[in-house]
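The next block holds one structure in the form of C-alpha cells; read it before the comments.
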Amino acid sequence: MKSRVIKVGSVLIGGGNPVLIQSMTNTDTRDAAATVQQILELENAGCEIIRCAVPDEKAVYALKEIKDKIHIPLIADIHFDYKLAVKSVEYGADCIRINPGNLGGFERLKIVTDAVKAAGAAIRVGINSGSLEKDILANHGVTAAAIVKSALRNIRYLYDLNFDNFKVSLKSSSVPMTIQAYKLFAEQDNSPLHVGVTEAGTLFSGTIKSAVGIGSILSLGLGDTLRVSLTGEPVEEVKTGWQIVSALDLRRKGPEIISCPTCGRTEINLIDLAQKVENMLQCSKSLVTVAVMGCAVNGPGEAREADYGIAGGTCQGLIFKKGTILKKVNEDILLKEFENILKEDGII
C-alpha cells in the first residue's frame, strides 16, 4: 500500500517520493551557533531533514536563528510539554516529533495540533518499544503488536482532530521486532513511515543493525524517511543512510565503489589503496562506479565493467575507463595517476 503524501517544510514525503535521509544534532540546541555549524556539516554530507532536541524555552528561542541559517526542514523533538510544542512551530520548526499520548490529554493535543495547522507544519508520531502505555504492555507485552497498537491509538487522536499531515515511526532496539512492527502497521494505515532501529549502538554494531533493519523494511517497499541512530558523530548516520539506500538502488548520492575483499593472491597494497580512493571520492557528486581490485583473477573483469577502475598486479596496476585500459603503472604512482584521470574528467 502506497503511503499518502505529506509536506514537511519544502519537501514532500510519502506517496512514492524519494526516501529522505534524516539525522539529529547532538549539540546543545540552546547554543544556536554550534547547532547551525553541525547542521551545515550534515547538509554537506547529504542530510535532508534534521531534528533538534527542545528541552526548554531557551532551546525554543534558538530555533528561529537556527532555521534562518540552514537549508533543510527542521524538526523539534518534544517530550511531555505541550507548550514547548506550540512555541516550537511558532519559532519556525517545520515539524514536531511527539507522542500524542504523553502530552497530558486530548485538549492539550488539540492545542498543539491547532498550532501546527496554523503554522503549516507537520507532526512525526514517534512510538518506541521502551515507552509503551501500561495497559498495552499488560495485554501485549513488549512486542511488535504492542508497538502497532500504541501507534494506531495515538494517530486516531490526530484523525479525530481532522489532521493527517503526519508521519509515524515504530522503533525498537530489536531488529526483528522493528521489521514486524512496520509490516503490521502498513497493513492497517497509509501514513508515511519514518524508519529506524532505535538505540542501535556504536558505529560498528549500530551500522550493522541499522543496515539489516532499515534495509529489510525498505526492501518491502515501506519507508519514506530514515534515520540511522548511532552512538557517534551524526555525520556517520548520514553516510550510513546513503549507503543503505544506494545498496538497494533506491537513490544514489555519489560514486559507488566496488573493491574486492583481498586474498592470498593479492600482490598490491589493496586495503590502503581502496581506502585512499574512497577518501578521494567522498565529496564527489558524480554517479559513477569505481572498481578497486587486487589481482588478475577477477580484477580486470570487474574493473572493465566499472566506469573507472584499477586492477592490481605485482607491485603495479592497470587503470581502466569504461572497459578500456588507459595505463599500466607502478604501484607507487598508481593512485596519483588515477587521481589525475578523475580530475581531468571532472569526477573529483
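Ordered as shown in the C-alpha cells, chains take letters A, B, and onward, while each chain numbers its residues from 1 and ligands are numbered from 1 in the order shown.
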
Could you give me, as CSV, a per-residue list for segment 185-284 of chain A showing, wherever an atom lies at most 10 Å from an atom of segment 119-137 of chain A, the closest pair of atoms and their distance in Å to one decimal, using only C-alpha atoms and sorting by chain then residue number from low to high?
residue,atom,partner,partner_atom,distance
A:Pro192,CA,A:Arg124,CA,9.5
A:Leu193,CA,A:Arg124,CA,9.1
A:His194,CA,A:Arg124,CA,8.1
A:Val197,CA,A:Asn128,CA,9.6
A:Thr198,CA,A:Asn128,CA,7.7

File of the preceding selection, C-alpha atoms, as a tab-separated table (two decimals), in the first residue's frame:
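Wrote result.tsv, looks like this:
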chain	number	residue	atom	x	y	z
A	192	PRO	CA	4.17	7.89	5.68
A	193	LEU	CA	6.74	5.98	7.68
A	194	HIS	CA	9.93	7.22	9.29
A	197	VAL	CA	16.23	0.97	14.65
A	198	THR	CA	16.36	2.90	17.92

For this session: Could you please write out, as a ChimeraX atom specification, every residue of segment 94-210 of chain A that DSSP assigns to alpha helix (DSSP H)?
Result: /A:106-119,134-140,144-160,175-186,203-210

For this session: Using only C-alpha atoms, find the one residue out of A:Gly105, A:Gly294, A:Gly309, A:Pro234 that sits nearest to Phe338 of chain A.
Result: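 Once distances to Phe338 of chain A are computed over only C-alpha atoms, the minimum belongs to A:Gly309.
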
Exercise. Which one is closest to Ser246 of chain A: A:Thr266, A:Thr289, A:Asn17, A:Gln37? Count only C-alpha atoms.
Worked result: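 Checking each candidate against Ser246 of chain A, we get A:Thr289 as the closest.
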
Ile66 of chain A: which residues within 8 Å, counting only C-alpha atoms, same-chain residues fewer than 2 positions away excluded, as a JSON list (two decimals) with all heavy atoms, in the first residue's frame?
[["chain", "number", "residue", "atom", "x", "y", "z"],
["A", 32, "ALA", "N", 22.91, 28.13, 19.54],
["A", 32, "ALA", "CA", 22.46, 28.17, 18.14],
["A", 32, "ALA", "C", 23.63, 28.10, 17.16],
["A", 32, "ALA", "O", 23.56, 27.41, 16.15],
["A", 32, "ALA", "CB", 21.65, 29.45, 17.89],
["A", 33, "ALA", "N", 24.73, 28.79, 17.47],
["A", 33, "ALA", "CA", 25.86, 28.82, 16.54],
["A", 33, "ALA", "C", 26.46, 27.43, 16.35],
["A", 33, "ALA", "O", 26.73, 27.01, 15.22],
["A", 33, "ALA", "CB", 26.93, 29.79, 17.06],
["A", 35, "THR", "N", 24.96, 24.59, 16.87],
["A", 35, "THR", "CA", 23.96, 23.74, 16.24],
["A", 35, "THR", "C", 23.89, 24.00, 14.74],
["A", 35, "THR", "O", 23.83, 23.07, 13.93],
["A", 35, "THR", "CB", 22.59, 23.95, 16.89],
["A", 35, "THR", "OG1", 22.69, 23.67, 18.30],
["A", 35, "THR", "CG2", 21.55, 23.03, 16.29],
["A", 36, "VAL", "N", 23.92, 25.27, 14.36],
["A", 36, "VAL", "CA", 23.93, 25.62, 12.93],
["A", 36, "VAL", "C", 25.16, 25.04, 12.25],
["A", 36, "VAL", "O", 25.07, 24.46, 11.15],
["A", 36, "VAL", "CB", 23.88, 27.15, 12.74],
["A", 36, "VAL", "CG1", 24.20, 27.52, 11.30],
["A", 36, "VAL", "CG2", 22.51, 27.69, 13.13],
["A", 62, "ALA", "N", 16.04, 29.49, 20.36],
["A", 62, "ALA", "CA", 17.17, 29.32, 19.44],
["A", 62, "ALA", "C", 16.73, 28.79, 18.08],
["A", 62, "ALA", "O", 17.46, 28.93, 17.09],
["A", 62, "ALA", "CB", 18.20, 28.37, 20.05],
["A", 63, "LEU", "N", 15.54, 28.19, 18.02],
["A", 63, "LEU", "CA", 15.08, 27.58, 16.77],
["A", 63, "LEU", "C", 15.00, 28.58, 15.63],
["A", 63, "LEU", "O", 15.32, 28.25, 14.48],
["A", 63, "LEU", "CB", 13.72, 26.91, 16.96],
["A", 63, "LEU", "CG", 13.68, 25.66, 17.84],
["A", 63, "LEU", "CD1", 12.24, 25.14, 17.95],
["A", 63, "LEU", "CD2", 14.59, 24.56, 17.30],
["A", 64, "LYS", "N", 14.56, 29.80, 15.92],
["A", 64, "LYS", "CA", 14.41, 30.79, 14.84],
["A", 64, "LYS", "C", 15.76, 31.11, 14.20],
["A", 64, "LYS", "O", 15.88, 31.14, 12.97],
["A", 64, "LYS", "CB", 13.77, 32.07, 15.37],
["A", 64, "LYS", "CG", 13.44, 33.06, 14.26],
["A", 64, "LYS", "CD", 12.74, 34.29, 14.77],
["A", 64, "LYS", "CE", 12.21, 35.14, 13.61],
["A", 64, "LYS", "NZ", 13.24, 35.42, 12.59],
["A", 68, "ASP", "N", 16.79, 30.07, 10.31],
["A", 68, "ASP", "CA", 17.16, 31.11, 9.34],
["A", 68, "ASP", "C", 18.49, 30.83, 8.64],
["A", 68, "ASP", "O", 18.75, 31.40, 7.58],
["A", 68, "ASP", "CB", 17.24, 32.47, 10.04],
["A", 68, "ASP", "CG", 15.87, 33.02, 10.41],
["A", 68, "ASP", "OD1", 14.86, 32.51, 9.88],
["A", 68, "ASP", "OD2", 15.80, 33.95, 11.25],
["A", 69, "LYS", "N", 19.31, 29.96, 9.22],
["A", 69, "LYS", "CA", 20.66, 29.77, 8.70],
["A", 69, "LYS", "C", 20.91, 28.39, 8.08],
["A", 69, "LYS", "O", 22.03, 28.10, 7.65],
["A", 69, "LYS", "CB", 21.69, 30.03, 9.81],
["A", 69, "LYS", "CG", 21.69, 31.48, 10.27],
["A", 69, "LYS", "CD", 22.72, 31.72, 11.37],
["A", 69, "LYS", "CE", 22.71, 33.19, 11.80],
["A", 69, "LYS", "NZ", 23.67, 33.45, 12.90],
["A", 70, "ILE", "N", 19.88, 27.55, 8.04],
["A", 70, "ILE", "CA", 20.05, 26.23, 7.44],
["A", 70, "ILE", "C", 19.16, 26.12, 6.20],
["A", 70, "ILE", "O", 18.37, 27.02, 5.91],
["A", 70, "ILE", "CB", 19.74, 25.09, 8.44],
["A", 70, "ILE", "CG1", 18.26, 25.11, 8.85],
["A", 70, "ILE", "CG2", 20.65, 25.23, 9.67],
["A", 70, "ILE", "CD1", 17.85, 23.93, 9.73]]

Exercise. How far is it from atom CA of Thr324 of chain A to atom CA of Ala303 of chain A, in Å with one decimal?
Worked result: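 Atom CA of Ala303 of chain A lies 9.4 Å from atom CA of Thr324 of chain A.
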
Exercise. Closest to Lys183 of chain A among A:Leu220, A:Ala151, A:Ile214, A:Leu12, using only C-alpha atoms?
Worked result: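 Smallest distance to Lys183 of chain A is found for A:Leu220.
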
Exercise. Interatomic distance between atom CA of Lys2 of chain A and atom CA of Val168 of chain A?
Worked result: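 These two atoms are separated by 14.2 Å.
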
For this session: Might you pull out every residue within 7 Å of segment 84-90 of chain A, with only C-alpha atoms counted and same-chain residues fewer than 5 positions away left off, and present them as an NGL selection string?
Result: :A and (56-57 or 60 or 76 or 78 or 96 or 112 or 115-116 or 119 or 121)

Just N, CA and C atoms for this one: save the residues we selected as a CSV table (one decimal), in the first residue's frame.
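Result went into result_14.csv, see below:
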chain,number,residue,atom,x,y,z
A,56,ASP,N,13.7,22.9,26.7
A,56,ASP,CA,13.2,24.0,27.4
A,56,ASP,C,12.9,25.3,26.5
A,57,GLU,N,12.4,26.4,27.1
A,57,GLU,CA,12.1,27.5,26.3
A,57,GLU,C,13.3,28.2,25.7
A,60,VAL,N,13.8,26.6,22.5
A,60,VAL,CA,12.8,27.0,21.5
A,60,VAL,C,13.2,28.3,20.9
A,76,ALA,N,11.5,19.7,15.6
A,76,ALA,CA,11.7,19.9,17.0
A,76,ALA,C,11.3,18.7,17.8
A,78,ILE,N,10.1,16.9,20.9
A,78,ILE,CA,9.4,17.4,22.1
A,78,ILE,C,8.9,16.1,23.0
A,96,ILE,N,7.1,18.8,14.4
A,96,ILE,CA,7.4,18.4,15.8
A,96,ILE,C,7.3,16.9,15.9
A,112,VAL,N,-2.0,21.8,20.6
A,112,VAL,CA,-0.8,21.6,19.8
A,112,VAL,C,-1.1,21.4,18.3
A,115,ALA,N,-2.0,24.6,16.6
A,115,ALA,CA,-0.8,25.5,16.4
A,115,ALA,C,-0.1,25.0,15.1
A,116,VAL,N,0.0,23.6,15.0
A,116,VAL,CA,0.7,23.0,13.9
A,116,VAL,C,0.0,23.4,12.6
A,119,ALA,N,0.6,27.0,11.5
A,119,ALA,CA,1.9,27.2,11.0
A,119,ALA,C,2.2,26.5,9.7
A,121,ALA,N,2.7,23.4,9.5
A,121,ALA,CA,3.8,22.4,9.9
A,121,ALA,C,3.3,21.0,9.9

For this session: Might you pull out every residue within 12 Å of Lys336 of chain A, with only C-alpha atoms counted and same-chain residues fewer than 5 positions away left off, and present them as a list of chain:residue names?
Result: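 Here the qualifying residues turn out to be A:Leu273, A:Lys276, A:Val277, A:Met280, A:Ile310, A:Gly317, A:Ile319, A:Val329, A:Asn330, A:Glu331, A:Ile341, A:Leu342, A:Lys343.
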
For this session: Extract the full set of strand (DSSP E) residues from segment 138-335 of chain A according to DSSP on the backbone, and format it as an MDAnalysis selection string.
Result: chainID A and resid 166:171 194:195 225:227 256:259 289:293 308:312 316:321 324:330

Exercise. In Å, how far is it from atom CA of Cys295 of chain A to atom CA of Ile325 of chain A?
Worked result: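 Atom CA of Cys295 of chain A sits 15.3 Å away from atom CA of Ile325 of chain A.
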
Exercise. Out of A:Val195, A:Ala53, A:Val292, A:Leu170, which residue has the shortest atom-to-atom distance to Val148 of chain A when counting only C-alpha atoms?
Worked result: A:Leu170
